[in-house]
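Take a look at the structure set out below.
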Protein chains: 2
Amino acid sequence: MAHRIAFIGFGGVGQGLADIIQNQGEELLKKEGLELQVVAISDMMKGSLYHPEGLNLKVVHETLKSTGSLHSYPEEPGLIRGLDSIQTIKQSNADTIVEVTFTDVRTGQPAIDHCKAAFLSRKNVVTTNKGPIALAYRELSKLAKDNGVFFGFEGTVMSGTPALRMPRTTLAGNEISEIRGIFNGTCNYMLTRMEEGLSFDAALKEAQDLGFAEADPTNDLEGYDVRYKVVILANYVMGSSLTVEEVACQGMSHITTQDIVEAKQNGERWKLLGTLKKGKEGIIATVGPERLPLTDPLASISGATNAITYECSLAGPITLAGAGAGIKETGFSLLIDLIHFHREKKAVTT
Amino acid sequence: MAHRIAFIGFGGVGQGLADIIQNQGEELLKKEGLELQVVAISDMMKGSLYHPEGLNLKVVHETLKSTGSLHSYPEEPGLIRGLDSIQTIKQSNADTIVEVTFTDVRTGQPAIDHCKAAFLSRKNVVTTNKGPIALAYRELSKLAKDNGVFFGFEGTVMSGTPALRMPRTTLAGNEISEIRGIFNGTCNYMLTRMEEGLSFDAALKEAQDLGFAEADPTNDLEGYDVRYKVVILANYVMGSSLTVEEVACQGMSHITTQDIVEAKQNGERWKLLGTLKKGKEGIIATVGPERLPLTDPLASISGATNAITYECSLAGPITLAGAGAGIKETGFSLLIDLIHFHREKKAVTT
């Protein structure tokens, strides 16, 4: 039977997953026995469609491309228009809600309410929104568990690079004492370009022109984005209940080209790191720029790439590097959550 | 019920896993619900013990430490001594055979015969021996499947760094078009030290003194070790049926300090790489030294560390770096195979 999904929000990331489903649907069915069927899309700006027997993704794609909205998606028997996000979550026949709205990371809303509504309707959630995981992980994961549904959020840290699932799957059995990582592509891109001679302002402008940095880059440059990821890692990987307020956070806006040149002369390199360390009194977590020796695996991570090092009791230090953003990559992070859920379910029911 | 294991071979790697079981047994039971019980050890040199109700690992450890053999392990009712490896595999009540003998990598023996005997006795196998996987993967994995048992070999490539399982688990859904990696710690250590000024011979001697390189380093230096790993990756990750003979293989024994200095002056670095590329006519696989720009994530892998880059259709290039050897690390590779099997079984039976 097809696995029915509903998109709540349908910006780049949602469309990225929709493209993957459209292009690789047959392969997924063949390789994983997973048939994904999109039954609903509800987007504040673009409009809302629901058909219990599935939407035509090719037509959705063309409609959006030509008009920018879903309103001119062709009429057909059984098609329901205009359901808002909560109505779509509660009333659709979706098995899984793909929560990819524009969410305020400081409040986690509306994503948190969407997750809650989904779990209470016994629907799974996969999301790339950091807010719900950083701010309400314990509550939400308990609600999902109590309702017997799945909660996937691989894409909230390092996008489609599987940083979150690795310690719980292929590194299981290790005690992880420390985590360090480069979790913000904008900052790392800027630091790389500054080492190549650009000023802070020129590097920022370039990052903005390339679409890495937003018009207001505060969230990236002050380390707030990394701080959320650190909290997610603390909660999900290290099993603590760290809050955003407990992370000492320093940004990189005071780093000058001069600092970078000085580091280089000493065989070192500035990186904006998120770090977590298990101590006797819980986890000490920080965000801030650090000068790393070039022998540190994180020192060589250049451009917009992200990377994480797990200090493992048995396997030693393990570093994973890859994209930390991107429409296709983040679309994949949702897909791997869906595949993971499907495999778990298949194992239980066969 | 405890999961009963029998060690065939009990050198460093086997003892590494035994130490983990001894030290972390309670934690494994608590976290994974996995209770590992060692019922047999059969080693050509050290002797052979079998007790259907389990051996005392602490006493095994002490006996080995004080006498170098298992012969003076204390007598007790039910203890059987002297079974050879095939007898232990066939006659013991083990659920899983931990195959860690000294195996000739060119013939894959005696490990291949051990695997076959285990599968035909409906016992699982976990192993760190490259030979069986590089030379007989298809036959052995079919035999395991036909007999409904598990075959784990994460440690055959990059030791406890989970290079083999990652593409099939957390990166599932991607088409992998290319794989490149540093798979030999001895060569990478030597290249790192040569860049720091040592001659080839001095770097080799240092690697031998540190225990990285063997007395006869041919297997490492001529790329033969990497070639086996390339074949394992081709078969297991890329689903081909590449043979050792089909891999173009060049070693690093002709690389001089002068070559390394020249590369450095051009912002590049020599690395001994194993590469696999999917083409129209199958997989093209090579082993050989390459000059990499410093921006390549593999260029910065220093010392005895190993690393692999997977070119993924959706997630982009993903690099994993970590130890490629070590007693604890390789012991962990066996543990993660056991955990993985246990989780699969648990999912099916609960």
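Just so we're on the same page: first chain in the structure tokens is A, next is B, and so on; residues restart at 1 for each chain, and ligands are numbered from 1 in the order they show up.
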For this session: Report as number ranges by chain the set of chain B residues whose atoms approach chain A to within 7 Å, with distances computed over only C-alpha atoms.
Result: B: 28, 160-162, 165-166, 170, 172-173, 295, 297, 300-302, 314-323, 328-329, 332, 336, 347-348, 350
If we count only C-alpha atoms, what is near region 35-52 of chain B at a cut-off of 8 Å, once residues fewer than 4 positions away on the same chain are taken out, given as a PDB file with N, CA and C atoms, in the first residue's frame?
```
ATOM      1  N   MET B   1      17.126 -13.966  26.204  1.00  0.00           N
ATOM      2  CA  MET B   1      18.105 -15.049  26.172  1.00  0.00           C
ATOM      3  C   MET B   1      19.427 -14.525  25.641  1.00  0.00           C
ATOM      4  N   ALA B   2      20.492 -14.984  26.235  1.00  0.00           N
ATOM      5  CA  ALA B   2      21.805 -14.497  25.818  1.00  0.00           C
ATOM      6  C   ALA B   2      22.109 -14.919  24.385  1.00  0.00           C
ATOM      7  N   HIS B   3      22.850 -14.066  23.700  1.00  0.00           N
ATOM      8  CA  HIS B   3      23.328 -14.366  22.353  1.00  0.00           C
ATOM      9  C   HIS B   3      24.701 -15.023  22.523  1.00  0.00           C
ATOM     10  N   ARG B   4      24.804 -16.284  22.112  1.00  0.00           N
ATOM     11  CA  ARG B   4      26.032 -17.059  22.364  1.00  0.00           C
ATOM     12  C   ARG B   4      27.005 -16.918  21.197  1.00  0.00           C
ATOM     13  N   ILE B   5      28.260 -16.603  21.532  1.00  0.00           N
ATOM     14  CA  ILE B   5      29.240 -16.454  20.452  1.00  0.00           C
ATOM     15  C   ILE B   5      30.454 -17.351  20.671  1.00  0.00           C
ATOM     16  N   ALA B   6      31.046 -17.748  19.547  1.00  0.00           N
ATOM     17  CA  ALA B   6      32.272 -18.547  19.572  1.00  0.00           C
ATOM     18  C   ALA B   6      33.339 -17.820  18.773  1.00  0.00           C
ATOM     19  N   PHE B   7      34.517 -17.665  19.380  1.00  0.00           N
ATOM     20  CA  PHE B   7      35.643 -17.047  18.673  1.00  0.00           C
ATOM     21  C   PHE B   7      36.430 -18.119  17.933  1.00  0.00           C
ATOM     22  N   ILE B   8      36.593 -17.923  16.626  1.00  0.00           N
ATOM     23  CA  ILE B   8      37.512 -18.759  15.864  1.00  0.00           C
ATOM     24  C   ILE B   8      38.715 -17.883  15.567  1.00  0.00           C
ATOM     25  N   GLY B   9      39.807 -18.187  16.235  1.00  0.00           N
ATOM     26  CA  GLY B   9      40.953 -17.274  16.269  1.00  0.00           C
ATOM     27  C   GLY B   9      40.791 -16.362  17.478  1.00  0.00           C
ATOM     28  N   PHE B  10      41.900 -16.107  18.168  1.00  0.00           N
ATOM     29  CA  PHE B  10      41.775 -15.239  19.349  1.00  0.00           C
ATOM     30  C   PHE B  10      43.041 -14.416  19.512  1.00  0.00           C
ATOM     31  N   ILE B  21      33.141  -6.845  25.605  1.00  0.00           N
ATOM     32  CA  ILE B  21      32.039  -7.600  26.207  1.00  0.00           C
ATOM     33  C   ILE B  21      32.196  -7.645  27.725  1.00  0.00           C
ATOM     34  N   GLY B  25      29.436  -5.200  29.077  1.00  0.00           N
ATOM     35  CA  GLY B  25      28.330  -6.148  28.972  1.00  0.00           C
ATOM     36  C   GLY B  25      27.037  -5.619  29.582  1.00  0.00           C
ATOM     37  N   GLU B  26      27.141  -5.068  30.773  1.00  0.00           N
ATOM     38  CA  GLU B  26      25.937  -4.589  31.467  1.00  0.00           C
ATOM     39  C   GLU B  26      25.273  -3.453  30.709  1.00  0.00           C
ATOM     40  N   LEU B  28      25.481  -2.835  27.517  1.00  0.00           N
ATOM     41  CA  LEU B  28      24.869  -3.354  26.282  1.00  0.00           C
ATOM     42  C   LEU B  28      23.512  -3.968  26.569  1.00  0.00           C
ATOM     43  N   LEU B  29      23.440  -4.676  27.675  1.00  0.00           N
ATOM     44  CA  LEU B  29      22.173  -5.304  28.059  1.00  0.00           C
ATOM     45  C   LEU B  29      21.138  -4.220  28.351  1.00  0.00           C
ATOM     46  N   LEU B  57      35.088 -14.726  31.063  1.00  0.00           N
ATOM     47  CA  LEU B  57      36.030 -13.904  30.283  1.00  0.00           C
ATOM     48  C   LEU B  57      37.150 -13.323  31.135  1.00  0.00           C
ATOM     49  N   GLY B  68      49.953 -17.032  28.328  1.00  0.00           N
ATOM     50  CA  GLY B  68      49.993 -16.920  26.873  1.00  0.00           C
ATOM     51  C   GLY B  68      49.156 -17.971  26.164  1.00  0.00           C
ATOM     52  N   SER B  69      48.586 -18.895  26.924  1.00  0.00           N
ATOM     53  CA  SER B  69      47.719 -19.891  26.285  1.00  0.00           C
ATOM     54  C   SER B  69      46.476 -20.133  27.138  1.00  0.00           C
ATOM     55  N   LEU B  70      45.542 -20.905  26.597  1.00  0.00           N
ATOM     56  CA  LEU B  70      44.292 -21.176  27.307  1.00  0.00           C
ATOM     57  C   LEU B  70      44.339 -22.506  28.059  1.00  0.00           C
ATOM     58  N   HIS B  71      45.475 -23.195  27.970  1.00  0.00           N
ATOM     59  CA  HIS B  71      45.535 -24.545  28.529  1.00  0.00           C
ATOM     60  C   HIS B  71      45.300 -24.576  30.037  1.00  0.00           C
ATOM     61  N   GLY B  78      31.465 -29.774  32.550  1.00  0.00           N
ATOM     62  CA  GLY B  78      30.874 -29.328  31.287  1.00  0.00           C
ATOM     63  C   GLY B  78      31.855 -28.696  30.339  1.00  0.00           C
ATOM     64  N   LEU B  79      33.064 -28.385  30.811  1.00  0.00           N
ATOM     65  CA  LEU B  79      34.070 -27.749  29.943  1.00  0.00           C
ATOM     66  C   LEU B  79      34.666 -28.772  28.974  1.00  0.00           C
ATOM     67  N   ILE B  80      34.722 -28.407  27.704  1.00  0.00           N
ATOM     68  CA  ILE B  80      35.292 -29.277  26.682  1.00  0.00           C
ATOM     69  C   ILE B  80      36.526 -28.594  26.101  1.00  0.00           C
ATOM     70  N   ARG B  81      37.606 -29.303  26.058  1.00  0.00           N
ATOM     71  CA  ARG B  81      38.847 -28.732  25.522  1.00  0.00           C
ATOM     72  C   ARG B  81      39.209 -29.383  24.198  1.00  0.00           C
ATOM     73  N   GLY B  82      39.968 -28.632  23.406  1.00  0.00           N
ATOM     74  CA  GLY B  82      40.645 -29.246  22.263  1.00  0.00           C
ATOM     75  C   GLY B  82      39.858 -29.341  20.967  1.00  0.00           C
ATOM     76  N   LEU B  83      38.640 -28.799  20.903  1.00  0.00           N
ATOM     77  CA  LEU B  83      37.920 -28.804  19.621  1.00  0.00           C
ATOM     78  C   LEU B  83      38.661 -27.898  18.639  1.00  0.00           C
ATOM     79  N   ASP B  84      38.831 -28.342  17.421  1.00  0.00           N
ATOM     80  CA  ASP B  84      39.447 -27.453  16.439  1.00  0.00           C
ATOM     81  C   ASP B  84      38.384 -26.479  15.905  1.00  0.00           C
ATOM     82  N   SER B  85      38.816 -25.635  14.980  1.00  0.00           N
ATOM     83  CA  SER B  85      37.904 -24.561  14.561  1.00  0.00           C
ATOM     84  C   SER B  85      36.623 -25.116  13.926  1.00  0.00           C
ATOM     85  N   THR B  88      34.443 -26.676  16.528  1.00  0.00           N
ATOM     86  CA  THR B  88      33.802 -25.644  17.347  1.00  0.00           C
ATOM     87  C   THR B  88      32.623 -25.027  16.598  1.00  0.00           C
ATOM     88  N   SER B  92      29.473 -26.575  18.604  1.00  0.00           N
ATOM     89  CA  SER B  92      29.119 -25.714  19.744  1.00  0.00           C
ATOM     90  C   SER B  92      27.693 -25.209  19.593  1.00  0.00           C
ATOM     91  N   ASN B  93      27.165 -24.693  20.686  1.00  0.00           N
ATOM     92  CA  ASN B  93      25.799 -24.146  20.660  1.00  0.00           C
ATOM     93  C   ASN B  93      25.777 -22.646  20.357  1.00  0.00           C
ATOM     94  N   ALA B  94      26.889 -22.138  19.785  1.00  0.00           N
ATOM     95  CA  ALA B  94      26.975 -20.696  19.492  1.00  0.00           C
ATOM     96  C   ALA B  94      25.906 -20.283  18.475  1.00  0.00           C
ATOM     97  N   THR B 101      40.478 -15.354  12.495  1.00  0.00           N
ATOM     98  CA  THR B 101      41.730 -16.115  12.362  1.00  0.00           C
ATOM     99  C   THR B 101      42.758 -15.319  11.573  1.00  0.00           C
TER     100      THR B 101
END
```
Within 8 Å of Thr243 (chain B), counting only C-alpha atoms, which residues qualify if same-chain residues fewer than 6 places away don't, as a short mmCIF file (atom, residue, chain, number, x, y, z; two decimals) with N, CA, C and O atoms, in the first residue's frame?
```cif
data_model
loop_
_atom_site.label_atom_id
_atom_site.label_comp_id
_atom_site.auth_asym_id
_atom_site.auth_seq_id
_atom_site.Cartn_x
_atom_site.Cartn_y
_atom_site.Cartn_z
N ALA B 134 36.39 -10.22 -0.16
CA ALA B 134 36.95 -9.80 -1.44
C ALA B 134 36.92 -10.92 -2.47
O ALA B 134 36.75 -10.68 -3.66
N LEU B 135 37.06 -12.16 -2.00
CA LEU B 135 37.20 -13.27 -2.94
C LEU B 135 35.92 -14.07 -3.15
O LEU B 135 35.75 -14.71 -4.18
N VAL B 231 37.60 -3.95 -3.87
CA VAL B 231 36.74 -5.02 -4.35
C VAL B 231 35.55 -5.23 -3.40
O VAL B 231 34.41 -5.44 -3.85
#
```
Exercise. How far is it from CA of Arg122 (chain B) to CA of Glu139 (chain B), in Å with one decimal?
Worked result: 15.4 Å
For this session: Counting only C-alpha atoms, figure out which residue out of B:Cys249, B:Ala136, B:Met158, B:Cys115 gets nearest to Val100 (chain B).
Result: B:Cys115
For this session: Mind checking which residues fall within 9 Å of region 187-200 of chain A, counting only C-alpha atoms, ignoring those fewer than 3 positions away in the same chain, and posting them as a ChimeraX atom specification?
Result: /A:182-184,203-207,212-213,220-221,223,252-253,255-257,260-261,264,269-272,301-306
Exercise. DSSP says alpha helix (DSSP H) for which residues of region 79-198 of chain A? Put them as a PyMOL selection string?
Worked result: chain A and resi 85-91+111-120+130-146+185-195
For this session: May I have all residues of region 10-228 of chain B that DSSP, computed from the backbone, assigns to strand (DSSP E), given as JSON, numbers by chain?
Result: {"B": [36, 37, 38, 39, 40, 41, 42, 43, 47, 48, 49, 50, 80, 81, 96, 97, 98, 99, 124, 125, 126, 127, 151, 152, 176, 177, 178, 179, 180, 181, 182]}
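Considering only C-alpha atoms, the residue among B:Pro217, B:Gly152, B:Gly282, B:Gly108 positioned nearest to Leu334 (chain B) is B:Gly152.
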Exercise. Which value, in Å to one decimal, gives the distance between CA of Ile232 (chain B) and CA of His342 (chain B)?
Worked result: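 Computed distance, CA of Ile232 (chain B) to CA of His342 (chain B), equals 23.5 Å.
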For this session: May I ask which of the residues A:Asn56, A:Thr107, A:Gln22, A:Gln208 is the closest one to Tyr228 (chain A), counting only C-alpha atoms?
Result: A:Thr107
Exercise. CA of Val157 (chain B) and CA of Lys229 (chain B), how far apart in Å?
Worked result: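 That distance, rounded to one decimal, is 5.8 Å.
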Exercise. Out of B:Ile284, B:Val244, B:Ala117, B:Leu276, which residue has the shortest atom-to-atom distance to Tyr137 (chain B) when counting only C-alpha atoms?
Worked result: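 Using only C-alpha atoms, Tyr137 (chain B) sits closest to B:Val244.
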